[in-house]
Amino acid sequence: MSRVNKIQKMKPFKQELMKKAERVLKHTFGYDAFRPGQKPVVEALLSGEDVFAMMPTGSGKSICYQVPGYLLSGLVLVVSPLLSLMEDQMASLRRIGESKVRALNSMLHPKERSRVLRQLNALRFLFISPEMLRRPAVVSRLEETKLSLFVVDEAHCISQWGYEFRPDYLHLAEIRERIGAPICLALTATADRGVREDIIRHLRLENSRQFLQSVDRPNIAVAVHKVENDTVKTEQLLQLLGKVRLPGIIYCASRGWTQRLTDIIRNRLPLRTAFYHGGMLQEDRRKIQNQFLDGELDVLCCTNAFGMGINKPDVRLIVHFHYPRHMNAYLQEIGRAGRDGKQSLAVLYYSKEDDRLPLSFIDSDYPSPEMLKKILLCLDRREWRIEDERQFLSAAENEGASETAARFVWEQVGRKPPGVSFLSILDDCLRKIGERKRRQLEDLAAMRSWISEEGCRRKAYLRLFDETLTVKPRLCCDRCGFPPEAFRREGRLGNRDDREISWESRLKRLLLKKLS
Amino acid sequence: MPYDEFLLLHLVGRFKGERTLSGIYHLLKGKKSSQTIQDSYLFHVEPFFHSLDGLKRQDYDWLTGKCLKKRWIEEAGNRSGKYRLSESGADRLKALGKTHSFPSGLDFTEHVNEESVFWLKLQLAVQTVSELVHGRKSFFPVTRQALVTESVRVFLRQPSQSPSRLALQMFVELRGLLSLCPREEADILVLQMTGFGMGGLTFHQLSCRFSNDLWICRLLHKSALRRLLHHLSAPDSDYPCLRRLLNEKRGTLSLSAGQTYDYLRQGKSMETIARLRKLSRGTIEDHIVELVLKVPSFDCSPYLPEEVNRSILSAARQAGTYRLKPIKHILQDRVSYFQIRLALAKSAAREGSADE
């Protein structure tokens with residue numbers, strides 16, 4: 001009874017707040033109305049409730065904490081797993097004229113870091129990496145700061161079953177308590193039920209409001225093409241690129257393939273094409289990313305290293321030249337198309353040869369039992385030390401471990417109880433590896449069964465997320481059928497390569513403002 | 001595209017069968033080991049030190065594999081691991097030398113330890129100013145290296161300078177500097193720069209646009225960059241704005257050797273320094289060799305009395321080699337390896353300065 005009274009009493013107050021929120025949305029952000037899904041989240045946060053929200057990529061998740069940031073007093077703390085993601089979000093806030101926004105991460109110069117820490121009280125938004133949040137000096141500064149919101153972005157990173165597990169995310173709930181338990185907003189894109197349950201349990205959000213938006217992106221038509229082999233696949237891809245609307249992203253399973261495809265496309269089609277993968281120099285990656293964002297590229301061949309934190313609204317095509325290991329990853333990746341709401345296309349090519357790739361990747365995610373044993377013995381004999389994470393990782397990689405495998409070992413040895421030998425955790429580690437591999441194989445099986453799905457592909461992927469299709473878009477999927485000309489490119493693309501070559505005129509364009 | 005062959009054969013020729021192929025790789029990468037640094041002086045190949053810092057081992061191995069297969073290079077001595085030019089290799093080099101040459105800007109090696117950081121600073125400064133002058137406040141910086149972003153931040157804090165005036169000044173200075181470079185080098189440098197609405201090209205993209213040869217693109221880039229640094233740091237240089245991107249404090253000394261130098265000047269012994277810095281004596285020895293090579297005023301007579309120096313040099317002449325072991329053998333182990341390295345370094349440094 002008393003609870004009802006309380007809610008009723010709050011109602012006019014709440015309406016008042018939402019009016020304010022809409023004013024902020026209009027005057028600060030320039031939007032006339034909330035997009036579907038944003039309003040209830042903002043409303044719940046403003047009334048002091050913790051929120052867990054699953055919203056598809058490109059649906060405007062950030063608005064959910066940005067608008068309250070202007071209505072609640074105190075600092076909005078946003079935990080973000082990736083530098084590029086932080087940068088993108090900072091950039092979008094700076095674009096609307098917000099200057100009270102900073103980021104704290106390991107790339108920062110120590111001077112800059114202490115500068116940021118000194119001025120916490122004067123900030124509105126602080127983006128922080130989970131690693132930074134584990135530093136005592138940072139936490140104690142946050143303890144002295146008034147916080148309005150504790151936002152966990154990309155919360156699926158908390159799940160060990162997720163495809164982007166970040167061990168540092170496991171400590172977030174505890175840190176949140178220590179810094180005064182501000183209202184929590186956990187945000188995630190596509191996550192299946194297992195991952196969602198993990199997020200809620202680890203962040204202790206059992207009593208939070210939950211908003212699960214559909215993972216469906218109706219403006220992205222989906223197609224799967226089975227082909228004989230890589231040669232046929234390449235030919236089909238070239239035909240596709242020759243006629244559909246671009247720009248497009250082509251996801252490949254390996255670095256070698258991104259380069260190979262780029263060469264082929266450049267030789268055969270008048271398209272501005274480049275490749276991007278994690279093995280490139282950081283500066284080169286950044287250059288390619290900027291070229292893509294600035295519309296200087298028609299096609300980008302990349303590995304899954306490209307994408308998070310990239311917000312380009314007009315991507316028209318996503319191709320999977322090889323299929324990913326996880327349906328979540330697939331939906332995240334195709335979700336990079338059509339953020340402007342316009343019709344886009346996602347094509348996945350599949351040949352039997354592709355089936356080998358994911359299995360070997362899953363294996364390389366973990367150390368072999370022999371390797372693991374050797375590392376643990378080295379630790380017991382004090383030939384290796386575990387003070388320095390970077391040193392440990394590179395030592396493990398020298399032993400032949402992949403980066404992911406090295407991180408796995410690092411995370412396990414860090415949890416060893418005191419007083420026992422490192423070798424004693426061997427069996428426990430092997431059990432964990434077995435368990436995780438089993439989960440990954442299940443995910444892979446789900447991905448494969450979706451590829452061979454006979455019915456509507458949209459219905460099928462929604463089923464995996466416990467959803468049913470309510471409105472079928474006109475251009476749905478290859479099973480439902482759509483006319484290929486729906487995606488036909490009209491007119492010509494930009495010149496084959498219109499980049500200024502002469503150094504003097506390029507320098508002018510860079511540094512001197514055009515008089516116009 | 002035999003440019004890569006030209007490069008490798010040239011260097012194998014210079015090393016005269018006294019070094020391994022890895023030694024050449026380390027030279028090109030600019031490995032900061034005293035061996036590599038010393039070799040670059042000893043065999044007069046300083047321009048190539050750090051000239052291909054982006055080189056990947058597998059690309060290098062592919063190149064050496066090619067030259068071995070064509071029998072242009074051969075092992076000097078049975079299983080020594082050291083290589084020299086074969087007769088056909090020497091012919092090939094001669095033929096290539098008629099149509100190929102190395103960009104002359106590579107010779108400006110005064111700032112070799114600073115060149116990579118300077119290049120990042122310059123790119124970030126140009127990008128930032130370009131974005132600012134076009135009114136864009138947020139963008140993806142071309143690098144996030146803390147050292148670089150911090151010094152560009154300081155650079156941008158020029159008193160009473162509006163972005164457009166700063167941009168104009170940078171433009172004028174860069175145009176002045178770049179017009180001192182051959183056209184192709186200037187093109188390659190500027191095409192890599194990122195700014196408003198323009199992403200810089202990667203080396204891979206550059207090589208597709210130019211000669212289709214990654215090696216020559218990289219060397220031309222390095223040559224242009226070294227020219228820039230050379231003119232920028234000249235005593236009479238008239239580039240006050242860009243000059244501020246230079247790190248004026250230290251010349252070409254590696255950071256660690258510089259620290260050792262500071263201690264030595266305080267009168268500390270090698271043993272004390274090794275203890276204070278928690279480094280091995282060998283490392284301190286490396287630093288002292290580096291000092292002999294790079295600091296003309298450095299006096300190494302406390303470690304190398306003049307008569308020892310003389311006997312080592314005459315033994316080297318007698319042995320006809322720069323290898324340490326034969327020299328030590330001739331002197332019947334009366335001198336240490338450290339002393340031999342010092343003597344060789346000293347004579348290389350002297351020859352080097354006589355060249356100029």
# chains A, B, ... in the order shown; residues from 1 in each chain; ligands from 1
$ closest_atom_pairs --of "chain B" --to "chain A" --cutoff "6 Å" --atoms "only C-alpha atoms" --output "Markdown table"
| residue | atom | partner | partner_atom | distance |
| --- | --- | --- | --- | --- |
| B:Ser130 | CA | A:Leu511 | CA | 5.0 |
| B:Ser138 | CA | A:Ala91 | CA | 5.1 |
| B:Val142 | CA | A:Arg286 | CA | 5.6 |
| B:Thr143 | CA | A:Glu283 | CA | 5.6 |
| B:Ala146 | CA | A:His109 | CA | 4.6 |
| B:Ala167 | CA | A:Leu511 | CA | 5.4 |
| B:Asp187 | CA | A:Trp503 | CA | 4.6 |
| B:Val190 | CA | A:Trp503 | CA | 5.5 |
| B:Gly195 | CA | A:Leu510 | CA | 5.6 |
| B:Gly197 | CA | A:Asp294 | CA | 5.5 |
| B:Gly199 | CA | A:Gln291 | CA | 4.5 |
| B:Gly200 | CA | A:Lys287 | CA | 5.6 |
| B:Thr202 | CA | A:Asp284 | CA | 5.6 |
$ select_by_dssp --residues "stretch 45-265 of chain B" --states "alpha helix (DSSP H)" --output "PyMOL selection string"
chain B and resi 57-69+87-99+115-133+146-156+163-178+183-191+203-209+214-233+240-243+255-265
$ closest_residue --among "A:Leu423, A:Leu147, A:Met132, A:Ala221" --to "A:Leu120" --atoms "only C-alpha atoms"
A:Leu147
$ closest_residue --among "B:Val112, B:Ala95, B:Ala316, B:Val335" --to "B:Lys31" --atoms "only C-alpha atoms"
B:Val112
$ residues_around --residues "A:Asp478" --least-positions-apart "6" --cutoff "7 Å" --atoms "only C-alpha atoms" --output "compact mmCIF listing (two decimals) with C-alpha atoms, in the first residue's frame"
# COMPACT_ATOMS: atom_id res chain seq x y z
CA VAL A 222 20.34 -10.62 -44.70
CA ALA A 223 21.64 -13.18 -47.19
CA VAL A 224 23.78 -16.30 -47.03
$ residues_around --residues "A:Ala396" --least-positions-apart "5" --cutoff "12 Å" --atoms "only C-alpha atoms" --output "PyMOL selection string"
chain A and resi 366-368+371-376+378-379+384-386+389-391+401-410
